[in-house]
>>> print(open('entry-v1.cif').read())   # mmCIF, C-alpha atoms and all ligand atoms
data_target
#
loop_
_atom_site.label_atom_id
_atom_site.label_comp_id
_atom_site.auth_asym_id
_atom_site.auth_seq_id
_atom_site.Cartn_x
_atom_site.Cartn_y
_atom_site.Cartn_z
CA MET R 461 -12.08 -22.62 -10.55
CA THR R 462 -9.57 -24.76 -8.67
CA ALA R 463 -6.79 -22.69 -7.23
CA VAL R 464 -3.23 -23.86 -6.59
CA LYS R 465 -2.32 -24.14 -2.90
CA LYS R 466 -0.55 -20.97 -1.73
CA GLU R 467 2.15 -20.47 0.89
CA LEU R 468 2.98 -16.78 0.77
CA LEU R 469 0.48 -13.93 1.11
CA ILE R 470 1.97 -10.54 0.20
CA PHE R 471 -0.10 -7.66 1.54
CA ASP R 472 -0.21 -4.05 0.55
CA PHE R 473 -0.51 -1.66 3.53
CA ASP R 474 -2.30 1.68 2.93
CA GLY R 475 -5.87 1.24 1.74
CA THR R 476 -5.70 -2.53 2.26
CA LEU R 477 -4.91 -3.13 5.94
CA ILE R 478 -5.03 0.44 7.26
CA ASP R 479 -6.97 3.57 6.45
CA SER R 480 -4.09 6.04 6.61
CA VAL R 481 -5.51 8.79 4.43
CA PRO R 482 -6.65 11.00 7.35
CA ASP R 483 -3.00 11.27 8.48
CA LEU R 484 -1.58 11.46 4.95
CA ALA R 485 -4.05 14.23 4.06
CA GLN R 486 -3.26 16.14 7.25
CA ALA R 487 0.50 15.90 6.60
CA THR R 488 -0.02 16.96 2.98
CA ASN R 489 -2.04 19.99 4.02
CA ASP R 490 0.44 20.86 6.79
CA MET R 491 3.16 20.82 4.13
CA LEU R 492 1.11 22.99 1.77
CA THR R 493 0.38 25.46 4.57
CA THR R 494 4.08 25.66 5.48
CA LEU R 495 4.81 26.38 1.81
CA GLU R 496 2.06 29.03 1.80
CA LYS R 497 -0.11 27.07 -0.61
CA ALA R 498 -3.82 26.31 -0.32
CA PRO R 499 -4.86 22.96 1.24
CA TYR R 500 -7.04 20.33 -0.51
CA PRO R 501 -10.03 18.28 0.70
CA ILE R 502 -9.30 14.77 1.91
CA ASP R 503 -11.36 13.30 -0.96
CA THR R 504 -9.01 14.92 -3.46
CA ILE R 505 -5.85 13.80 -1.63
CA ARG R 506 -7.15 10.21 -1.39
CA ASN R 507 -6.86 9.97 -5.18
CA TRP R 508 -3.18 11.01 -5.03
CA VAL R 509 -2.10 8.16 -2.75
CA GLY R 510 -0.58 4.98 -4.16
CA ASN R 511 2.81 5.74 -5.69
CA GLY R 512 4.65 6.65 -2.49
CA SER R 513 5.21 9.90 -0.59
CA ARG R 514 7.34 11.64 -3.20
CA MET R 515 4.59 11.28 -5.79
CA LEU R 516 1.93 12.40 -3.29
CA VAL R 517 4.00 15.52 -2.55
CA GLU R 518 4.48 16.31 -6.25
CA ARG R 519 0.77 15.78 -6.96
CA ALA R 520 -0.14 18.11 -4.10
CA LEU R 521 2.28 20.78 -5.35
CA VAL R 522 0.75 20.80 -8.84
CA GLY R 523 -2.80 19.99 -7.68
CA SER R 524 -3.27 17.05 -10.03
CA VAL R 525 -2.67 13.29 -10.24
CA GLU R 526 -0.78 13.89 -13.50
CA VAL R 527 2.56 15.60 -12.99
CA THR R 528 4.82 16.56 -15.85
CA GLU R 529 8.52 17.36 -15.49
CA ASP R 530 8.17 21.01 -16.48
CA GLN R 531 5.72 21.73 -13.63
CA LEU R 532 8.25 21.35 -10.79
CA THR R 533 11.93 21.75 -10.14
CA GLN R 534 13.80 18.97 -8.36
CA ASP R 535 14.80 21.39 -5.57
CA GLU R 536 11.22 22.47 -5.01
CA ALA R 537 10.04 18.87 -4.78
CA ASP R 538 12.99 17.84 -2.54
CA HIS R 539 12.23 20.65 -0.11
CA ALA R 540 8.49 19.92 -0.06
CA GLU R 541 9.20 16.22 0.54
CA LYS R 542 11.30 17.09 3.60
CA VAL R 543 8.52 19.30 4.96
CA PHE R 544 6.03 16.48 4.34
CA PHE R 545 8.26 13.89 6.07
CA ASP R 546 8.54 16.11 9.16
CA ALA R 547 4.79 16.65 9.24
CA TYR R 548 3.96 12.96 8.68
CA ALA R 549 6.50 11.80 11.27
CA LYS R 550 4.69 13.96 13.84
CA ILE R 551 1.17 12.73 13.14
CA SER R 552 1.57 9.32 11.48
CA GLY R 553 -0.65 6.83 13.27
CA LYS R 554 -2.78 9.37 15.14
CA ASN R 555 -5.83 9.02 12.89
CA THR R 556 -4.89 5.80 11.15
CA VAL R 557 -7.15 2.80 11.79
CA ALA R 558 -7.17 -0.84 10.70
CA TYR R 559 -10.09 -1.76 8.45
CA PRO R 560 -12.71 -4.07 10.02
CA ASN R 561 -11.64 -7.70 10.55
CA VAL R 562 -8.04 -7.06 9.47
CA ASP R 563 -6.42 -7.74 12.86
CA GLU R 564 -8.31 -11.00 13.47
CA GLY R 565 -8.03 -11.98 9.81
CA LEU R 566 -4.24 -11.61 9.60
CA LYS R 567 -3.78 -13.59 12.80
CA LYS R 568 -6.09 -16.33 11.51
CA LEU R 569 -4.06 -16.63 8.28
CA LYS R 570 -0.80 -16.74 10.20
CA GLN R 571 -2.18 -19.45 12.49
CA ALA R 572 -3.35 -21.42 9.48
CA GLY R 573 0.32 -21.62 8.40
CA PHE R 574 0.56 -18.98 5.67
CA THR R 575 3.72 -16.87 5.48
CA LEU R 576 2.78 -13.18 5.49
CA ALA R 577 4.78 -10.39 3.86
CA LEU R 578 4.17 -6.65 3.54
CA VAL R 579 5.10 -4.70 0.41
CA THR R 580 4.11 -1.05 0.60
CA ASN R 581 5.03 2.03 -1.41
CA LYS R 582 5.10 4.01 1.85
CA PRO R 583 8.69 5.04 2.77
CA MET R 584 10.17 2.43 5.10
CA GLN R 585 11.00 4.94 7.85
CA PHE R 586 7.29 5.19 8.71
CA VAL R 587 6.39 1.50 8.60
CA PRO R 588 7.73 -0.11 11.83
CA LYS R 589 6.02 2.38 14.14
CA ILE R 590 2.63 1.85 12.50
CA LEU R 591 3.05 -1.94 12.57
CA GLU R 592 3.96 -1.74 16.23
CA SER R 593 0.94 0.41 17.06
CA PHE R 594 -1.34 -2.36 15.78
CA GLY R 595 0.69 -5.14 17.42
CA TRP R 596 1.66 -6.52 14.00
CA SER R 597 5.48 -6.30 14.25
CA GLU R 598 5.89 -10.07 14.44
CA LEU R 599 3.25 -10.98 11.84
CA PHE R 600 5.20 -10.30 8.66
CA THR R 601 8.23 -12.39 7.78
CA GLU R 602 9.41 -9.81 5.23
CA VAL R 603 8.61 -6.09 5.02
CA LEU R 604 9.54 -3.81 2.12
CA GLY R 605 8.88 -0.07 1.90
CA GLY R 606 8.67 2.00 -1.27
CA ASP R 607 12.33 2.99 -0.92
CA SER R 608 13.71 -0.39 0.17
CA LEU R 609 14.65 -1.23 -3.43
CA PRO R 610 15.47 0.98 -6.44
CA VAL R 611 11.97 0.31 -7.84
CA LYS R 612 8.52 0.14 -6.30
CA LYS R 613 5.10 -1.28 -7.30
CA PRO R 614 3.77 -1.48 -10.06
CA ASP R 615 7.24 -2.83 -10.88
CA PRO R 616 7.17 -6.59 -10.13
CA GLU R 617 10.65 -6.58 -8.56
CA PRO R 618 9.58 -6.04 -4.91
CA LEU R 619 7.30 -9.10 -5.16
CA ARG R 620 9.98 -11.15 -6.91
CA TYR R 621 12.49 -10.05 -4.28
CA VAL R 622 10.23 -11.30 -1.46
CA CYS R 623 9.71 -14.64 -3.25
CA ARG R 624 13.45 -15.03 -3.77
CA THR R 625 14.32 -14.07 -0.20
CA LEU R 626 11.79 -16.47 1.29
CA GLN R 627 12.56 -19.13 -1.33
CA ILE R 628 8.93 -19.48 -2.31
CA ALA R 629 8.02 -19.94 -5.98
CA PRO R 630 5.82 -17.18 -7.48
CA GLU R 631 3.06 -19.70 -8.24
CA HIS R 632 2.73 -20.24 -4.49
CA ALA R 633 2.46 -16.52 -3.76
CA VAL R 634 -0.47 -14.09 -3.87
CA MET R 635 -0.50 -10.27 -3.97
CA ILE R 636 -3.36 -8.63 -2.06
CA GLY R 637 -4.03 -4.92 -2.51
CA ASP R 638 -6.36 -2.03 -3.13
CA SER R 639 -4.63 -0.28 -5.99
CA LYS R 640 -3.71 -0.80 -9.61
CA ASN R 641 -0.07 -0.67 -8.50
CA ASP R 642 -0.60 -3.87 -6.52
CA ILE R 643 -2.55 -5.65 -9.24
CA LEU R 644 -0.09 -4.68 -12.00
CA ALA R 645 2.91 -5.67 -9.86
CA GLY R 646 1.31 -9.07 -9.22
CA GLN R 647 0.35 -9.59 -12.85
CA ASN R 648 3.86 -8.54 -13.97
CA ALA R 649 5.40 -10.99 -11.47
CA ASN R 650 3.06 -13.73 -12.68
CA ILE R 651 1.38 -14.25 -9.35
CA ASP R 652 -2.29 -14.35 -8.36
CA THR R 653 -3.81 -11.02 -7.35
CA LEU R 654 -6.65 -10.38 -4.92
CA GLY R 655 -8.16 -6.90 -5.08
CA LEU R 656 -9.98 -4.99 -2.34
CA SER R 657 -12.48 -2.39 -3.49
CA TYR R 658 -12.63 -0.14 -0.42
CA GLY R 659 -9.16 1.45 -0.55
CA TYR R 660 -7.45 4.02 -2.73
CA ASN R 661 -7.42 3.41 -6.44
CA TYR R 662 -7.56 6.86 -8.04
CA GLY R 663 -11.37 6.63 -7.96
CA GLN R 664 -11.30 3.61 -10.30
CA ASP R 665 -13.02 0.27 -9.55
CA ILE R 666 -10.30 -2.31 -8.77
CA ARG R 667 -12.24 -4.89 -10.83
CA GLU R 668 -11.31 -2.99 -14.00
CA LEU R 669 -7.73 -4.20 -13.48
CA ASN R 670 -8.85 -7.84 -13.71
CA PRO R 671 -7.46 -9.20 -10.46
CA THR R 672 -7.78 -12.97 -9.98
CA GLN R 673 -10.61 -12.16 -7.57
CA ALA R 674 -11.97 -8.99 -5.93
CA PHE R 675 -13.70 -8.42 -2.59
CA ASP R 676 -15.60 -5.57 -0.97
CA ASP R 677 -14.51 -6.35 2.58
CA PHE R 678 -11.60 -8.04 4.36
CA GLN R 679 -13.68 -10.84 5.89
CA SER R 680 -14.75 -12.09 2.44
CA LEU R 681 -11.09 -12.10 1.42
CA ILE R 682 -10.15 -14.18 4.47
CA ASP R 683 -12.97 -16.67 3.87
CA TRP R 684 -11.92 -17.03 0.24
CA ILE R 685 -8.23 -17.57 1.05
CA MET R 686 -9.06 -20.15 3.73
CA THR R 687 -11.24 -22.15 1.35
CA GLN R 688 -9.42 -21.69 -1.99
CA TYR R 689 -5.72 -21.51 -1.11
CA GLN R 690 -5.27 -24.07 1.66
O1 LIG V 1 2.30 5.25 0.23
C1 LIG V 1 1.59 5.03 -0.78
O2 LIG V 1 1.52 5.81 -1.75
C2 LIG V 1 0.77 3.79 -0.86
O3 LIG V 1 1.18 2.80 0.03
P1 LIG V 1 0.69 1.30 -0.23
O4 LIG V 1 1.57 0.75 -1.31
O5 LIG V 1 0.85 0.61 1.09
O6 LIG V 1 -0.75 1.37 -0.65
MG MG V 2 -2.56 0.53 -1.12
#
>>> encode(input="entry-v1.cif", output="structure tokens", more="lines below")
Ligand SMILES: O=C(O)COP(=O)(O)O
Ligand SMILES: [Mg+2]
Amino acid sequence: MTAVKKELLIFDFDGTLIDSVPDLAQATNDMLTTLEKAPYPIDTIRNWVGNGSRMLVERALVGSVEVTEDQLTQDEADHAEKVFFDAYAKISGKNTVAYPNVDEGLKKLKQAGFTLALVTNKPMQFVPKILESFGWSELFTEVLGGDSLPVKKPDPEPLRYVCRTLQIAPEHAVMIGDSKNDILAGQNANIDTLGLSYGYNYGQDIRELNPTQAFDDFQSLIDWIMTQYQ
């Protein structure tokens, strides 16, 4: 396969660059405890991450990845989300680590001349502090949170928005992520998708989503980008 040269690498955040589930699970359980509900194991909560905080909160309230409208009132979910935000603001970053080779890998790509962007479904209010804690504040030319636009991944608009803003054609962009929301957003925006198998994808193998290519570790992704997309 000969790949087209790429300019813009759009990264997902949670489950791709950082393992944030220990903090997300703690904040979720802190919220549940405050609301006098029973906590869940981290392995259960991991499968609820991917569609932003509001969805995580709703899934935790009903105890399932599938949430139907009749299971929750808007007020109940609004209140729980506030409790979750307070809890996550207190602990976000404490037990969040970068996956192996991510720090060196991102810097290598930047040095090689790629433009890096970050498109996460995590609410934007939590993003700058985490980026700063890893020394990544200057790495990304564009950063979008899950609430930066009216729609989030798997909608293709955040990716299209980044391409438009940076004036880079979609065929010169790549979406890199761990979840079906990343792969679907990329496919819907007509851009190449690179999947990572170690993150959070509702327990499903990322390869089932047919990304352009999939990798089991970040170093293999870096090696592939440096040889195929330069
Ligand atoms: O906050 C989430 O649900 C997931 O965030 P992500 O898009 O960076 O994986
Ligand atoms: Mg992710």
>>> closest_atom_pairs(input="entry-v1.cif", of="segment 641-672 of chain R", to="segment 621-632 of chain R", cutoff="8 Å", atoms="only C-alpha atoms", output="CSV")
residue,atom,partner,partner_atom,distance
R:Ala649,CA,R:Pro630,CA,7.4
R:Asn650,CA,R:Pro630,CA,6.8
R:Ile651,CA,R:Pro630,CA,5.6
R:Asp652,CA,R:Glu631,CA,7.6
>>> residues_around(input="entry-v1.cif", residues="Ala633 of chain R", least_positions_apart="4", cutoff="6 Å", atoms="all atoms listed in the file", output="list in words")
Lys466, Leu468 and Leu469 of chain R
>>> write_last_selection(input="entry-v1.cif", atoms="C-alpha atoms", output="tab-separated table (two decimals), in the frame of the given file")
chain	number	residue	atom	x	y	z
R	466	LYS	CA	-0.55	-20.97	-1.73
R	468	LEU	CA	2.98	-16.78	0.77
R	469	LEU	CA	0.48	-13.93	1.11
>>> residues_near_ligand(input="entry-v1.cif", ligand="ligand MG 2 (chain V)", cutoff="6 Å", atoms="all atoms listed in the file", output="list in words")
Asp472, Phe473, Asp474, Gly475, Thr476, Gly510, Gly637, Asp638 and Ser639 of chain R
>>> residues_near_ligand(input="entry-v1.cif", ligand="ligand LIG 1 (chain V)", cutoff="9 Å", atoms="only C-alpha atoms and all ligand atoms", output="ChimeraX atom specification")
/R:471-478,484,508-516,578-583,605-606,612-613,637-639,641-642,659-660
>>> atom_distance(input="entry-v1.cif", atom1="atom CA of Pro610 of chain R", atom2="atom CA of Thr653 of chain R")
22.7 Å
>>> residues_around(input="entry-v1.cif", residues="segment 558-572 of chain R", least_positions_apart="6", cutoff="9 Å", atoms="only C-alpha atoms", output="ChimeraX atom specification")
/R:469,475-480,594-596,599-600,677-679,681-682,685-686,690
>>> closest_residue(input="entry-v1.cif", among="R:Ala547, R:Asp615, R:Glu518, R:Asp607", to="Gln531 of chain R", atoms="all atoms listed in the file")
R:Glu518
>>> closest_residue(input="entry-v1.cif", among="R:Pro499, R:Ile505, R:Met491, R:Ser593", to="Val543 of chain R", atoms="all atoms listed in the file")
R:Met491
>>> atom_distance(input="entry-v1.cif", atom1="atom CA of Ile470 of chain R", atom2="atom CA of Ala487 of chain R")
27.2 Å
>>> residues_around(input="entry-v1.cif", residues="Asp483 of chain R", least_positions_apart="4", cutoff="12 Å", atoms="all atoms listed in the file", output="ChimeraX atom specification")
/R:474,478-479,487-490,502,505-506,509,544-545,547-557,586,590
>>> atom_distance(input="entry-v1.cif", atom1="atom CA of Lys589 of chain R", atom2="atom CA of Gly573 of chain R")
25.3 Å
>>> closest_residue(input="entry-v1.cif", among="R:Pro588, R:Lys640, R:Phe574, R:Asp676", to="Gly663 of chain R", atoms="only C-alpha atoms")
R:Lys640
>>> decode(input="entry-v1.cif", residues="segment 546-680 of chain R", atoms="C-alpha atoms", output="compact mmCIF listing (two decimals), in the first residue's frame")
# COMPACT_ATOMS: atom_id res chain seq x y z
CA ASP R 546 -16.40 18.82 41.12
CA ALA R 547 -14.96 15.40 41.92
CA TYR R 548 -12.97 15.16 38.67
CA ALA R 549 -11.63 18.71 39.00
CA LYS R 550 -10.19 17.72 42.38
CA ILE R 551 -8.44 14.55 41.27
CA SER R 552 -7.93 14.90 37.51
CA GLY R 553 -4.32 14.13 36.70
CA LYS R 554 -3.43 12.50 40.03
CA ASN R 555 -3.47 8.94 38.70
CA THR R 556 -3.36 9.70 35.00
CA VAL R 557 -0.26 8.54 33.12
CA ALA R 558 0.96 8.79 29.54
CA TYR R 559 1.17 5.45 27.73
CA PRO R 560 4.72 4.20 26.98
CA ASN R 561 6.60 6.09 24.23
CA VAL R 562 3.88 8.73 23.83
CA ASP R 563 5.93 11.69 25.09
CA GLU R 564 8.99 10.90 22.95
CA GLY R 565 6.81 9.85 20.02
CA LEU R 566 4.76 13.07 19.88
CA LYS R 567 7.91 15.17 20.07
CA LYS R 568 9.52 13.12 17.30
CA LEU R 569 6.49 13.67 15.03
CA LYS R 570 6.46 17.39 15.76
CA GLN R 571 10.18 17.62 15.00
CA ALA R 572 9.64 15.74 11.75
CA GLY R 573 7.35 18.61 10.67
CA PHE R 574 3.86 17.18 11.23
CA THR R 575 1.17 19.51 12.56
CA LEU R 576 -0.42 17.95 15.66
CA ALA R 577 -4.00 18.51 16.82
CA LEU R 578 -5.99 17.10 19.73
CA VAL R 579 -9.69 16.26 19.44
CA THR R 580 -11.11 14.75 22.60
CA ASN R 581 -14.63 14.13 23.88
CA LYS R 582 -13.43 15.15 27.36
CA PRO R 583 -14.94 18.51 28.42
CA MET R 584 -12.53 21.30 27.51
CA GLN R 585 -12.32 22.67 31.07
CA PHE R 586 -10.19 19.67 32.08
CA VAL R 587 -7.85 19.55 29.09
CA PRO R 588 -5.28 22.38 29.52
CA LYS R 589 -4.25 21.31 33.02
CA ILE R 590 -3.60 17.73 31.92
CA LEU R 591 -1.67 18.88 28.84
CA GLU R 592 0.41 21.14 31.04
CA SER R 593 1.17 18.36 33.52
CA PHE R 594 2.79 16.36 30.72
CA GLY R 595 4.57 19.39 29.23
CA TRP R 596 2.47 19.12 26.06
CA SER R 597 0.82 22.58 26.06
CA GLU R 598 2.83 23.76 23.07
CA LEU R 599 2.66 20.53 21.05
CA PHE R 600 -0.83 20.83 19.62
CA THR R 601 -1.66 23.58 17.15
CA GLU R 602 -5.40 23.08 17.69
CA VAL R 603 -7.23 21.56 20.67
CA LEU R 604 -10.95 20.74 20.77
CA GLY R 605 -12.85 19.33 23.75
CA GLY R 606 -16.14 17.44 23.63
CA ASP R 607 -18.06 20.65 24.33
CA SER R 608 -16.06 22.99 22.08
CA LEU R 609 -18.57 22.52 19.25
CA PRO R 610 -22.28 21.59 19.26
CA VAL R 611 -21.34 18.02 18.20
CA LYS R 612 -18.62 15.61 19.23
CA LYS R 613 -17.02 12.44 17.79
CA PRO R 614 -18.28 10.17 16.15
CA ASP R 615 -19.67 13.19 14.30
CA PRO R 616 -17.05 14.17 11.67
CA GLU R 617 -17.50 17.91 12.29
CA PRO R 618 -14.73 18.34 14.91
CA LEU R 619 -12.22 16.82 12.47
CA ARG R 620 -13.53 18.89 9.57
CA TYR R 621 -13.39 21.99 11.77
CA VAL R 622 -9.70 21.37 12.56
CA CYS R 623 -8.90 20.83 8.86
CA ARG R 624 -10.73 24.03 7.93
CA THR R 625 -9.12 26.08 10.69
CA LEU R 626 -5.62 24.90 9.81
CA GLN R 627 -6.37 25.04 6.07
CA ILE R 628 -5.25 21.47 5.52
CA ALA R 629 -7.20 19.25 3.11
CA PRO R 630 -8.79 16.14 4.69
CA GLU R 631 -6.72 13.86 2.44
CA HIS R 632 -3.62 15.21 4.17
CA ALA R 633 -5.01 14.54 7.65
CA VAL R 634 -5.11 11.41 9.81
CA MET R 635 -7.26 10.58 12.86
CA ILE R 636 -5.52 8.49 15.53
CA GLY R 637 -7.56 6.98 18.35
CA ASP R 638 -8.55 4.08 20.54
CA SER R 639 -12.31 4.11 20.17
CA LYS R 640 -14.99 3.55 17.60
CA ASN R 641 -15.91 7.22 18.03
CA ASP R 642 -12.52 8.19 16.61
CA ILE R 643 -12.60 5.69 13.76
CA LEU R 644 -16.18 6.56 12.76
CA ALA R 645 -15.46 10.31 12.94
CA GLY R 646 -12.44 9.81 10.66
CA GLN R 647 -14.30 7.57 8.24
CA ASN R 648 -17.23 10.03 8.16
CA ALA R 649 -14.81 12.91 7.47
CA ASN R 650 -13.12 10.87 4.74
CA ILE R 651 -9.74 10.84 6.37
CA ASP R 652 -7.34 7.99 7.16
CA THR R 653 -7.77 6.40 10.59
CA LEU R 654 -5.13 4.73 12.74
CA GLY R 655 -6.46 2.64 15.61
CA LEU R 656 -4.76 1.76 18.89
CA SER R 657 -5.87 -1.45 20.56
CA TYR R 658 -4.86 -0.77 24.17
CA GLY R 659 -7.37 1.96 25.10
CA TYR R 660 -11.08 2.08 25.79
CA ASN R 661 -13.40 0.71 23.16
CA TYR R 662 -16.35 -0.74 25.07
CA GLY R 663 -14.47 -4.06 25.23
CA GLN R 664 -14.51 -4.36 21.43
CA ASP R 665 -11.38 -4.93 19.28
CA ILE R 666 -10.64 -1.68 17.41
CA ARG R 667 -9.82 -3.75 14.29
CA GLU R 668 -13.52 -4.58 13.93
CA LEU R 669 -14.09 -0.95 12.95
CA ASN R 670 -11.77 -1.32 9.94
CA PRO R 671 -9.33 1.52 10.59
CA THR R 672 -6.79 2.17 7.82
CA GLN R 673 -4.26 0.47 10.10
CA ALA R 674 -4.22 -0.70 13.74
CA PHE R 675 -1.40 -0.98 16.28
CA ASP R 676 -0.96 -2.57 19.68
CA ASP R 677 1.50 0.01 21.00
CA PHE R 678 2.39 3.66 20.40
CA GLN R 679 5.92 2.99 19.18
CA SER R 680 4.64 0.86 16.26
